[in-house]
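Trainee: Please see the structure below; I have some questions.
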2 protein chains.
Amino acid sequence: MNATVELLLSHRSIRKFENRVVPEDVLQTLVKCGQAAATSSNVQAVTAIHVTQADTREQLSFLAGGQPYVATAGAFLVYCADLRRSMNACESQGGEFSPGMMEHFLIASIDVGIAAQNTVVAAESMGLGICYIGGLRNKPSEVASLLKLPEQVYPVFGLCLGYPAQNPEVKPRLPIDAVLMKDVYDDTAQAKLLKQYDATLREYYKTRTGGNKDSSWSEEMKALVGKESRPHMKSFLADQGFAIK
Amino acid sequence: MNATVELLLSHRSIRKFENRVVPEDVLQTLVKCGQAAATSSNVQAVTAIHVTQADTREQLSFLAGGQPYVATAGAFLVYCADLRRSMNACESQGGEFSPGMMEHFLIASIDVGIAAQNTVVAAESMGLGICYIGGLRNKPSEVASLLKLPEQVYPVFGLCLGYPAQNPEVKPRLPIDAVLMKDVYDDTAQAKLLKQYDATLREYYKTRTGGNKDSSWSEEMKALVGKESRPHMKSFLADQGFAIK
C-alpha cells in the first residue's frame with residue numbers, strides 16, 4: 001500500500017479546528033489541484049468562493065443549520081456549479097446559450113464533486129482536515145443571495161478546511177461486495193451484507209459516543225430517503241436556470 | 001510541494017493502454033479508496049460495475065460514441081448513482097421510500113463524482129492511467145439495459161483504467177483568478193482572463209496536434225453550451241426514478 005492510498009483510506013471529517021487561518025497561497029494551491037482533475041468536455045464549471053468576512057461566515061453557519069465549524073474553520077470555501085462562465089464565453093463567440101439542460105446541470109454538478117475531492121486530497125496530504133457542508137442546501141436561496149450568485153451559478157456545498165484539533169476514528173464503510181459488482185447489477189446477495197454492515201456501524205457509533213448513539217445504516221437510510229428531503233431544491237435550481245429540460 | 005500535490009497537478013487522461021489487465025485485487029483497493037471519501041449523510045450511493053465480458057465492453061465502446069479504449073483499457077468500471085440500496089434498507093426498517101427527490105438525485109450524483117475521483121487518485125498513485133467516459137450518457141437507456149440497472153440506479157459515467165501506453169502533456173486550465181473568488185461572486189474581471197486562457201489553449205492544441213487543431217476555450221464552450229446537449233437525459237432519469245420533484 002503506497003502513501004497516497006494510505007492517506008485516502010484514513011479520511012475522516014474534521015469538525016474541530018485550531019484557531020489558525022489557512023494562508024491564501026495554500027488555498028490557491030489546493031484549488032489548483034482541484035482544477036487539475038478531469039472535467040467533462042473541458043467545461044471547468046467550478047467556482048470556489050473563499051468566504052473571509054466573519055459575519056458572512058456566521059450567517060452561513062446559521063443557514064447550514066447551526067454548524068459552528070463553518071464559522072471557526074481555518075478557511076471556508078463555497079463550491080458553486082458555474083455555467084455562467086461558459087455562457088459568457090459562448091456568447092463572446094456569437095453563440096446562443098442553451099439554458100436549463102439537465103445534461104449541463106449534471107456535468108457542472110459532477111465537475112464540482114470531482115474538483116473538490118482533489119482539493120480535499122491535497123489538503124489532507126498537507127495535514128489539514130476537512131468537512132463538506134451539504135447543509136448550505138437547507139437555505140440555498142439565502143446562500144445565493146448572500147454570495148451574490150447570478151443565474152447559471154448555484155451553491156453545491158461548502159468546504160471547511162483547517163488544522164485539526166481532534167482525531168476521530170475512520171468510519172466503517174459498506175462491504176466492498178455490496179458496492180463493486182461484476183458485469184451486471186445484482187443485489188440478490190445484498191440483504192445479508194447490509195445486515196452485517198448494520199451491526200458494524202452500530203458498534204462503531206456505540207464505541208464512539210460511549211453508548212449514546214445506537215443506530216444502524218438501515219435506520220439512517222430510513223431517516224434519509226424515507227421522507228422528502230429539501231423539497232425546495234427543484235424550484236431553487238430552476239430559479240437559477242438549472243435542470244429545467 | 002509534496003508528492004501527492006505533484007501527482008494531482010500532473011493528471012492527464014490516458015486513451016492508449018498496454019494490453020494488460022488490471023488485477024481484481026488492485027481494483028478492489030481502488031474502489032475501497034473511493035468508498036473512503038466523504039459521503040453525504042453516509043448514503044454511499046455509489047455502485048461500480050466492473051465490466052469483464054469482451055462483447056459488453058465492445059457494445060459500451062460503441063454506445064459511448066466509438067471510443068475504442070472503453071474496450072481496450074486494462075479495466076472498465078461503470079459508475080452508477082445508486083439509491084436502490086438505500087431504498088431497500090429504508091424498507092427493511094418499515095420505512096416508505098420517497099422517490100424522485102431532486103435532492104436525493106443530487107447527493108447520489110455528487111457522491112459518485114467524489115468517490116470516483118478518489119479511485120482515480122489512487123490509481124494514478126500506482127502508475128495507472130485513467131479516462132472518464134461521459135459518453136455513456138449518449139445512450140443511457142441502452143447502457144442501463146445492458147447492465148440490467150433497475151430503478152433508482154443510473155449510469156453516471158464510465159472509467160477506463162490501465163497501464164499507460166502514451167504520455168500526453170498536461171492540459172492548461174483556466175487562470176486561478178477566474179475560478180477562485182473572494183466573498184462574493186464577481187466576474188467583472190473575467191473577460192480579460194478568458195481571452196488570456198483562449199490564447200494559451202489555442203497554443204496548446206496547435207503544439208499537441210502539429211497545427212491540426214485550432215480552437216480556443218470560448219469556441220469549445222460555444223460548441224458545448226451553445227446547443228442542446230443530450231436532451232434525452234431528463235426523461236431517461238425520470239424513467240429510472242430520479243429528479244422528478
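As shown in the C-alpha cells, the chain order sets the letters A, B, ...; within each chain, residues go from 1, and ligands are also counted from 1 in the order they appear.
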Restrict the distance test to only C-alpha atoms, flag each residue of chain A within 6 Å of chain B, and return the flagged residues as a PyMOL selection string.
Mentor: chain A and resi 5+8-9+33+36+47-51+86+89-90+95-98+102+110+113-114+117+122+147-149+179-185+218+221-222+225-228+234
Trainee: Step one, run DSSP on the backbone; step two, keep only residues of stretch 112-234 of chain A assigned to alpha helix (DSSP H); then write them as a PyMOL selection string.
Mentor: chain A and resi 112-125+140-146+176-179+190-208+217-225+233-234
Trainee: Do you have the atom CA of A:Lys213-atom CA of A:Lys139 distance handy?
Mentor: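 Value for the atom CA of A:Lys213-atom CA of A:Lys139 distance: 27.6 Å.
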Trainee: For stretch 60-75 of chain B, list every protein, DNA or RNA residue within 7 Å, evaluated using only C-alpha atoms, and leave out those in the same chain fewer than 3 positions away; present the list as number ranges by chain.
Mentor: B: 15-17, 19-22, 56-57, 135-136, 138-139, 143, 160-163
Trainee: Generate the output file for the selected residues, C-alpha atoms, as a PDB file, in the first residue's frame.
Mentor:
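Output (selection.pdb):
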ATOM      1  CA  ARG B  15      -6.538   6.875 -24.021  1.00  0.00           C
ATOM      2  CA  LYS B  16      -3.913   4.306 -25.055  1.00  0.00           C
ATOM      3  CA  PHE B  17      -3.178   1.398 -22.769  1.00  0.00           C
ATOM      4  CA  ASN B  19      -2.511  -4.902 -23.280  1.00  0.00           C
ATOM      5  CA  ARG B  20      -2.502  -5.793 -19.570  1.00  0.00           C
ATOM      6  CA  VAL B  21      -5.461  -6.493 -17.333  1.00  0.00           C
ATOM      7  CA  VAL B  22      -5.770  -4.605 -14.045  1.00  0.00           C
ATOM      8  CA  THR B  56     -20.205  -5.977 -23.377  1.00  0.00           C
ATOM      9  CA  ARG B  57     -17.060  -3.823 -23.470  1.00  0.00           C
ATOM     10  CA  GLY B 135     -20.156   9.313 -23.486  1.00  0.00           C
ATOM     11  CA  LEU B 136     -22.155   6.539 -21.781  1.00  0.00           C
ATOM     12  CA  ASN B 138     -25.224   9.285 -25.177  1.00  0.00           C
ATOM     13  CA  LYS B 139     -27.324   6.142 -24.915  1.00  0.00           C
ATOM     14  CA  VAL B 143     -26.368   1.118 -21.145  1.00  0.00           C
ATOM     15  CA  CYS B 160     -11.123   3.358 -18.134  1.00  0.00           C
ATOM     16  CA  LEU B 161      -8.154   2.207 -16.062  1.00  0.00           C
ATOM     17  CA  GLY B 162      -4.916   0.708 -17.290  1.00  0.00           C
ATOM     18  CA  TYR B 163      -1.199   0.816 -17.782  1.00  0.00           C
TER      19      TYR B 163
END
Trainee: Just list as a PyMOL selection string whatever in stretch 38-167 of chain B DSSP marks as strand (DSSP E).
Mentor: chain B and resi 46-50+75-82+129-133+153-162
